[in-house]
>>> print(open('coords.txt').read())   # compact mmCIF, C-alpha atoms
# COMPACT_ATOMS: atom_id res chain seq x y z
CA MET F 1 -22.40 -4.23 -56.08
CA ALA F 2 -25.61 -4.06 -54.08
CA SER F 3 -23.71 -4.55 -50.82
CA GLU F 4 -21.27 -1.79 -51.83
CA LEU F 5 -24.19 0.54 -52.47
CA GLU F 6 -25.74 -0.37 -49.15
CA GLU F 7 -22.59 0.74 -47.33
CA LEU F 8 -22.78 4.27 -48.75
CA GLN F 9 -24.23 7.10 -46.71
CA SER F 10 -27.14 8.98 -48.21
CA SER F 11 -26.70 12.66 -49.03
CA GLY F 12 -29.19 13.40 -46.24
CA ASP F 13 -27.01 11.49 -43.76
CA ILE F 14 -23.94 13.46 -44.82
CA ALA F 15 -25.80 16.78 -44.58
CA ARG F 16 -27.16 15.88 -41.12
CA ARG F 17 -23.70 14.85 -39.90
CA ARG F 18 -22.11 18.09 -41.15
CA ALA F 19 -24.87 20.17 -39.56
CA ALA F 20 -24.40 18.31 -36.26
CA SER F 21 -20.65 18.96 -36.34
CA ARG F 22 -21.24 22.64 -37.08
CA ASP F 23 -23.63 22.87 -34.13
CA LEU F 24 -21.29 21.08 -31.71
CA VAL F 25 -18.12 23.09 -32.40
CA PRO F 26 -19.08 26.41 -30.69
CA GLY F 27 -20.22 24.66 -27.49
CA LEU F 28 -17.10 22.49 -27.34
CA VAL F 29 -14.78 25.48 -27.93
CA VAL F 30 -16.50 27.64 -25.30
CA LEU F 31 -16.51 24.77 -22.78
CA ILE F 32 -12.84 23.89 -23.31
CA VAL F 33 -11.70 27.54 -23.17
CA SER F 34 -13.77 28.30 -20.06
CA GLN F 35 -12.62 25.14 -18.27
CA ALA F 36 -8.98 25.76 -19.22
CA SER F 37 -9.13 29.36 -17.98
CA LEU F 38 -10.70 28.18 -14.71
CA ILE F 39 -8.03 25.52 -14.18
CA ALA F 40 -5.22 27.96 -15.09
CA ALA F 41 -6.44 30.88 -12.93
CA SER F 42 -8.31 29.00 -10.18
CA PRO F 43 -10.53 31.97 -9.14
CA ASP F 44 -11.78 32.37 -5.60
CA THR F 45 -15.56 32.53 -6.10
CA SER F 46 -16.15 34.04 -2.69
CA THR F 47 -14.26 37.28 -3.34
CA SER F 48 -16.39 39.03 -5.96
CA GLY F 49 -19.30 38.75 -8.34
CA TRP F 50 -16.88 38.81 -11.27
CA HIS F 51 -15.18 35.66 -10.03
CA LEU F 52 -18.54 33.99 -9.50
CA ALA F 53 -19.53 34.82 -13.09
CA TRP F 54 -16.21 33.45 -14.29
CA ALA F 55 -16.73 30.23 -12.30
CA LEU F 56 -20.16 29.84 -13.87
CA SER F 57 -18.81 30.44 -17.40
CA PRO F 58 -18.78 26.69 -18.31
CA LEU F 59 -22.57 26.86 -18.19
CA VAL F 60 -22.47 28.84 -21.46
CA GLY F 61 -20.63 25.98 -23.19
CA ILE F 62 -22.90 23.38 -21.62
CA GLY F 63 -25.95 25.38 -22.75
CA LEU F 64 -24.62 25.51 -26.32
CA LEU F 65 -24.00 21.74 -26.26
CA VAL F 66 -27.54 21.08 -25.00
CA TRP F 67 -28.88 23.33 -27.79
CA ALA F 68 -26.75 21.42 -30.35
CA GLN F 69 -28.14 18.11 -29.04
CA PHE F 70 -31.68 19.48 -29.28
CA ARG F 71 -31.12 20.53 -32.92
CA MET F 72 -29.56 17.14 -33.69
CA LEU F 73 -32.62 15.43 -32.24
CA ARG F 74 -34.96 17.55 -34.35
CA ARG F 75 -33.05 16.62 -37.52
CA SER F 76 -33.09 12.88 -36.69
CA ASP F 77 -35.59 10.50 -38.20
CA GLU F 78 -38.04 8.55 -36.03
CA ARG F 79 -35.78 5.50 -35.46
CA GLU F 80 -32.74 7.62 -34.52
CA ARG F 81 -34.91 9.69 -32.19
CA THR F 82 -36.17 6.53 -30.49
CA VAL F 83 -32.59 5.33 -29.99
CA VAL F 84 -31.37 8.67 -28.59
CA LEU F 85 -34.35 9.12 -26.27
CA SER F 86 -34.14 5.53 -24.99
CA ALA F 87 -30.44 6.03 -24.29
CA MET F 88 -31.21 9.34 -22.53
CA ALA F 89 -33.76 7.53 -20.35
CA ILE F 90 -31.10 4.97 -19.36
CA GLY F 91 -28.62 7.79 -18.58
CA PHE F 92 -31.28 9.55 -16.51
CA GLY F 93 -31.93 6.34 -14.58
CA VAL F 94 -28.22 6.00 -13.84
CA VAL F 95 -28.02 9.61 -12.61
CA ILE F 96 -31.06 9.17 -10.34
CA THR F 97 -29.61 5.96 -8.87
CA VAL F 98 -26.15 7.47 -8.32
CA LEU F 99 -27.69 10.60 -6.75
CA ALA F 100 -29.61 8.39 -4.33
CA VAL F 101 -26.31 6.71 -3.40
CA VAL F 102 -24.65 10.13 -3.03
CA GLY F 103 -27.47 11.21 -0.72
CA VAL F 104 -26.92 8.16 1.49
CA LEU F 105 -23.15 8.72 1.52
CA GLN F 106 -23.60 12.38 2.49
CA ALA F 107 -26.08 11.46 5.23
CA ALA F 108 -23.34 9.19 6.61
CA GLU F 109 -20.77 12.02 6.06
CA ILE F 110 -18.66 9.88 3.76
CA GLY F 111 -16.67 11.49 0.94
CA ASP F 112 -16.66 14.88 -0.76
CA ALA F 113 -20.12 15.89 -2.09
CA ARG F 114 -18.66 17.95 -4.96
CA GLN F 115 -16.62 15.03 -6.28
CA GLN F 116 -19.54 12.65 -5.90
CA LEU F 117 -21.84 14.98 -7.88
CA GLN F 118 -19.23 15.21 -10.63
CA ILE F 119 -19.00 11.42 -10.67
CA ALA F 120 -22.81 11.20 -10.96
CA THR F 121 -22.71 13.57 -13.96
CA VAL F 122 -19.91 11.67 -15.69
CA LEU F 123 -21.58 8.30 -15.06
CA GLY F 124 -24.89 9.58 -16.44
CA ILE F 125 -23.27 10.89 -19.64
CA ALA F 126 -21.21 7.68 -20.00
CA ALA F 127 -24.34 5.53 -19.58
CA TRP F 128 -26.13 7.67 -22.20
CA VAL F 129 -23.27 7.28 -24.71
CA VAL F 130 -22.83 3.53 -24.12
CA ALA F 131 -26.59 2.93 -24.31
CA SER F 132 -26.73 4.92 -27.58
CA LEU F 133 -23.99 2.77 -29.10
CA VAL F 134 -25.53 -0.51 -27.93
CA LEU F 135 -29.08 0.41 -29.03
CA GLU F 136 -27.83 1.69 -32.39
CA ARG F 137 -25.90 -1.53 -32.98
CA ARG F 138 -28.91 -3.67 -32.02
CA ALA F 139 -31.25 -1.68 -34.28
CA SER F 140 -29.07 -1.78 -37.41
CA MET D 1 -44.10 -7.22 -39.15
CA ASN D 2 -42.55 -8.40 -42.43
CA ASN D 3 -42.00 -6.33 -45.55
CA ARG D 4 -40.90 -6.51 -49.18
CA LEU D 5 -38.81 -3.37 -49.05
CA ARG D 6 -35.53 -4.98 -50.14
CA GLU D 7 -37.20 -6.80 -53.01
CA LEU D 8 -39.06 -3.71 -54.25
CA ARG D 9 -35.96 -1.54 -53.90
CA ALA D 10 -33.84 -4.04 -55.83
CA ALA D 11 -36.48 -4.19 -58.60
CA ARG D 12 -36.11 -0.42 -59.04
CA ARG D 13 -32.30 -0.62 -58.73
CA TRP D 14 -32.31 1.87 -55.86
CA SER D 15 -29.61 1.74 -53.21
CA GLN D 16 -30.55 2.08 -49.55
CA ALA D 17 -29.09 5.59 -49.69
CA ASP D 18 -31.33 6.47 -52.68
CA LEU D 19 -34.42 5.29 -50.85
CA ALA D 20 -33.30 7.04 -47.64
CA ASP D 21 -33.01 10.34 -49.53
CA ARG D 22 -36.44 9.86 -51.11
CA LEU D 23 -37.98 9.27 -47.68
CA ASP D 24 -35.82 11.81 -45.78
CA VAL D 25 -34.58 9.22 -43.29
CA SER D 26 -31.12 7.78 -42.59
CA ARG D 27 -29.71 4.85 -44.54
CA GLN D 28 -29.47 2.89 -41.27
CA THR D 29 -33.22 3.28 -40.83
CA ILE D 30 -33.85 1.72 -44.27
CA ASN D 31 -31.47 -1.10 -43.35
CA SER D 32 -33.25 -1.67 -40.02
CA ILE D 33 -36.68 -1.80 -41.68
CA GLU D 34 -35.45 -4.21 -44.36
CA ASN D 35 -33.95 -6.49 -41.72
CA GLY D 36 -37.16 -6.41 -39.67
CA ARG D 37 -35.42 -4.83 -36.69
CA TYR D 38 -37.52 -1.68 -36.83
CA ASP D 39 -41.21 -1.29 -37.66
CA PRO D 40 -41.87 2.14 -39.19
CA SER D 41 -44.60 4.43 -37.91
CA LEU D 42 -47.80 4.68 -39.95
CA PRO D 43 -46.81 8.06 -41.50
CA LEU D 44 -43.45 6.62 -42.61
CA ALA D 45 -45.14 3.47 -43.92
CA PHE D 46 -47.43 5.70 -46.02
CA ARG D 47 -44.40 7.61 -47.34
CA ILE D 48 -42.73 4.30 -48.25
CA ALA D 49 -45.89 3.17 -50.02
CA ALA D 50 -46.03 6.46 -51.92
CA ALA D 51 -42.38 6.13 -52.95
CA PHE D 52 -43.11 2.72 -54.48
CA THR D 53 -46.61 3.80 -55.69
CA LEU D 54 -48.09 0.72 -54.04
CA PRO D 55 -50.68 0.26 -51.31
CA ILE D 56 -49.24 -0.31 -47.84
CA GLU D 57 -50.59 -3.86 -47.62
CA GLU D 58 -48.51 -4.86 -50.65
CA ILE D 59 -45.33 -3.78 -48.86
CA PHE D 60 -45.98 -4.59 -45.21
CA PHE D 61 -47.74 -7.65 -43.85
CA PRO D 62 -48.00 -9.21 -40.40
CA SER D 63 -45.58 -11.89 -39.27
CA PRO D 64 -47.15 -15.36 -39.14
CA VAL D 65 -48.35 -16.07 -35.60
CA PRO D 66 -47.40 -19.61 -34.46
CA ASN D 67 -50.30 -21.79 -33.18
CA SER D 68 -52.91 -19.20 -34.19
CA SER D 69 -56.51 -20.32 -33.93
CA PRO D 70 -58.66 -19.98 -37.10
CA GLU D 71 -61.61 -18.90 -34.88
CA LEU D 72 -59.85 -15.67 -33.92
CA PRO D 73 -61.58 -12.61 -35.43
CA THR D 74 -58.30 -11.14 -36.69
CA ASP D 75 -57.49 -14.32 -38.64
CA SER D 76 -60.95 -14.62 -40.22
CA HIS D 77 -60.79 -10.95 -41.10
CA HIS D 78 -57.38 -11.49 -42.69
CA GLN D 79 -58.68 -14.48 -44.69
CA GLU D 80 -61.60 -12.45 -46.00
CA ALA D 81 -59.26 -9.63 -46.94
CA THR D 82 -56.91 -11.93 -48.84
CA ARG D 83 -59.83 -13.53 -50.71
CA GLY D 84 -60.67 -10.06 -51.94
>>> encode(input="coords.txt", output="structure tokens")
Amino acid sequence: MASELEELQSSGDIARRRAASRDLVPGLVVLIVSQASLIAASPDTSTSGWHLAWALSPLVGIGLLVWAQFRMLRRSDERERTVVLSAMAIGFGVVITVLAVVGVLQAAEIGDARQQLQIATVLGIAAWVVASLVLERRAS
Amino acid sequence: MNNRLRELRAARRWSQADLADRLDVSRQTINSIENGRYDPSLPLAFRIAAAFTLPIEEIFFPSPVPNSSPELPTDSHHQEATRG
């Protein structure tokens, strides 16, 4: 019975999870819609300011996601905050390392800079997520 | 650092979720503290002590240090404290 009780989530956990989901949805929706419209229409950013604004529209979704992450961090307790911030530090380290590699590749004129920067971003986020999962598992 | 959190919680028939709600932390945090994988900050340790209405030193105590010398000031201080 005790082990069954220990598996239950506290009401605070449930409330925090629901609040986090509520915060994430607007950013995800805006990001998906803006990215889909960019892929579908493929605007030429050099032709007008309107197209440039459209091309920058994913930044609104990214900003909302960053804000959601910030609110999630403020609601976390001290152990969860330590895990998230440690994982962020690992992700940041990965991004710095990959950017250094990208700099060397670009100095040698190897590869497309835009693709390499996107790879650096994806690798940084992936490292953050994996580090979060590993640190959370080790701490619990 | 060792603690008696699990024992004290069981004596009061509180689940980890109950204690987590009382302390406004996640259930995983209670589990980590009970398993000795996470040492709480001093403010959280005080909140835990208040929840059990016990002094901190009756809940948390240092892990035994292997090969510790009795001449060390920390050990003599600890011995005096335990003698009362």
>>> residues_around(input="coords.txt", residues="Asn2 of chain D", least_positions_apart="6", cutoff="10 Å", atoms="only C-alpha atoms", output="ChimeraX atom specification")
/D:33-37,39,59-64
>>> atom_distance(input="coords.txt", atom1="atom CA of Ile90 of chain F", atom2="atom CA of Arg138 of chain F")
15.5 Å
>>> closest_atom_pairs(input="coords.txt", of="chain F", to="chain D", cutoff="8 Å", atoms="only C-alpha atoms", output="Markdown table")
| residue | atom | partner | partner_atom | distance |
| --- | --- | --- | --- | --- |
| F:Ala2 | CA | D:Ser15 | CA | 7.1 |
| F:Leu5 | CA | D:Ser15 | CA | 5.6 |
| F:Glu6 | CA | D:Gln16 | CA | 5.4 |
| F:Leu8 | CA | D:Ala17 | CA | 6.5 |
| F:Gln9 | CA | D:Ala17 | CA | 5.9 |
| F:Ser10 | CA | D:Ala17 | CA | 4.2 |
| F:Ser11 | CA | D:Asp21 | CA | 6.7 |
| F:Gly12 | CA | D:Asp21 | CA | 5.9 |
| F:Asp13 | CA | D:Ser26 | CA | 5.7 |
| F:Ser76 | CA | D:Val25 | CA | 7.7 |
| F:Asp77 | CA | D:Val25 | CA | 5.3 |
| F:Glu78 | CA | D:Ser41 | CA | 8.0 |
| F:Arg79 | CA | D:Thr29 | CA | 6.3 |
| F:Glu80 | CA | D:Thr29 | CA | 7.7 |
| F:Ala139 | CA | D:Arg37 | CA | 5.8 |
| F:Ser140 | CA | D:Ser32 | CA | 4.9 |
>>> residues_around(input="coords.txt", residues="Ser132 of chain F", least_positions_apart="5", cutoff="8 Å", atoms="all atoms listed in the file", output="list of chain:residue names")
F:Val83, F:Val84, F:Ser86, F:Ala87
>>> write_last_selection(input="coords.txt", atoms="C-alpha atoms", output="mmCIF file, keeping the file's coordinate frame")
data_model
loop_
_atom_site.group_PDB
_atom_site.id
_atom_site.type_symbol
_atom_site.label_atom_id
_atom_site.label_comp_id
_atom_site.auth_asym_id
_atom_site.auth_seq_id
_atom_site.Cartn_x
_atom_site.Cartn_y
_atom_site.Cartn_z
ATOM 1 C CA VAL F 83 -32.590 5.330 -29.990
ATOM 2 C CA VAL F 84 -31.370 8.670 -28.590
ATOM 3 C CA SER F 86 -34.140 5.530 -24.990
ATOM 4 C CA ALA F 87 -30.440 6.030 -24.290
#
>>> atom_distance(input="coords.txt", atom1="atom CA of Ser37 of chain F", atom2="atom CA of Leu65 of chain F")
18.6 Å
>>> atom_distance(input="coords.txt", atom1="atom CA of Arg22 of chain F", atom2="atom CA of Ala55 of chain F")
26.3 Å
>>> closest_residue(input="coords.txt", among="F:Ala107, F:Ala100, F:Val94, F:Ile119", to="Ala131 of chain F", atoms="all atoms listed in the file")
F:Val94
>>> decode(input="coords.txt", residues="segment 13-35 of chain D", atoms="N, CA and C atoms", output="compact mmCIF listing (two decimals), in the first residue's frame")
# COMPACT_ATOMS: atom_id res chain seq x y z
N ARG D 13 1.62 8.21 8.77
CA ARG D 13 0.80 7.62 7.70
C ARG D 13 0.55 8.64 6.58
N TRP D 14 1.60 9.41 6.26
CA TRP D 14 1.53 10.34 5.14
C TRP D 14 2.17 9.66 3.92
N SER D 15 1.57 9.86 2.77
CA SER D 15 2.23 9.41 1.54
C SER D 15 3.28 10.45 1.14
N GLN D 16 4.12 10.10 0.20
CA GLN D 16 5.09 11.08 -0.32
C GLN D 16 4.36 12.28 -0.92
N ALA D 17 3.24 12.00 -1.59
CA ALA D 17 2.46 13.08 -2.20
C ALA D 17 1.90 14.01 -1.13
N ASP D 18 1.43 13.44 -0.01
CA ASP D 18 0.91 14.27 1.10
C ASP D 18 1.99 15.22 1.60
N LEU D 19 3.17 14.63 1.85
CA LEU D 19 4.27 15.45 2.38
C LEU D 19 4.71 16.49 1.35
N ALA D 20 4.72 16.09 0.06
CA ALA D 20 5.10 17.03 -1.00
C ALA D 20 4.16 18.22 -1.03
N ASP D 21 2.85 17.96 -0.86
CA ASP D 21 1.89 19.06 -0.86
C ASP D 21 2.07 19.95 0.36
N ARG D 22 2.39 19.35 1.51
CA ARG D 22 2.60 20.16 2.72
C ARG D 22 3.82 21.07 2.57
N LEU D 23 4.82 20.59 1.82
CA LEU D 23 6.07 21.35 1.70
C LEU D 23 6.13 22.17 0.41
N ASP D 24 5.12 22.01 -0.46
CA ASP D 24 5.08 22.68 -1.76
C ASP D 24 6.30 22.33 -2.61
N VAL D 25 6.60 21.04 -2.66
CA VAL D 25 7.64 20.53 -3.56
C VAL D 25 7.06 19.35 -4.33
N SER D 26 7.81 18.81 -5.29
CA SER D 26 7.30 17.68 -6.05
C SER D 26 7.49 16.38 -5.26
N ARG D 27 6.68 15.37 -5.63
CA ARG D 27 6.81 14.08 -4.96
C ARG D 27 8.18 13.47 -5.22
N GLN D 28 8.73 13.70 -6.43
CA GLN D 28 10.06 13.17 -6.75
C GLN D 28 11.13 13.75 -5.83
N THR D 29 10.93 15.00 -5.42
CA THR D 29 11.90 15.63 -4.52
C THR D 29 11.87 14.93 -3.16
N ILE D 30 10.68 14.61 -2.66
CA ILE D 30 10.57 13.88 -1.38
C ILE D 30 11.26 12.52 -1.53
N ASN D 31 11.00 11.86 -2.64
CA ASN D 31 11.61 10.54 -2.89
C ASN D 31 13.14 10.65 -2.92
N SER D 32 13.65 11.68 -3.59
CA SER D 32 15.11 11.86 -3.68
C SER D 32 15.73 12.12 -2.31
N ILE D 33 15.04 12.92 -1.48
CA ILE D 33 15.58 13.21 -0.15
C ILE D 33 15.57 11.94 0.70
N GLU D 34 14.47 11.19 0.62
CA GLU D 34 14.38 9.96 1.41
C GLU D 34 15.47 8.95 1.02
N ASN D 35 15.76 8.90 -0.27
CA ASN D 35 16.77 7.95 -0.75
C ASN D 35 18.19 8.46 -0.59
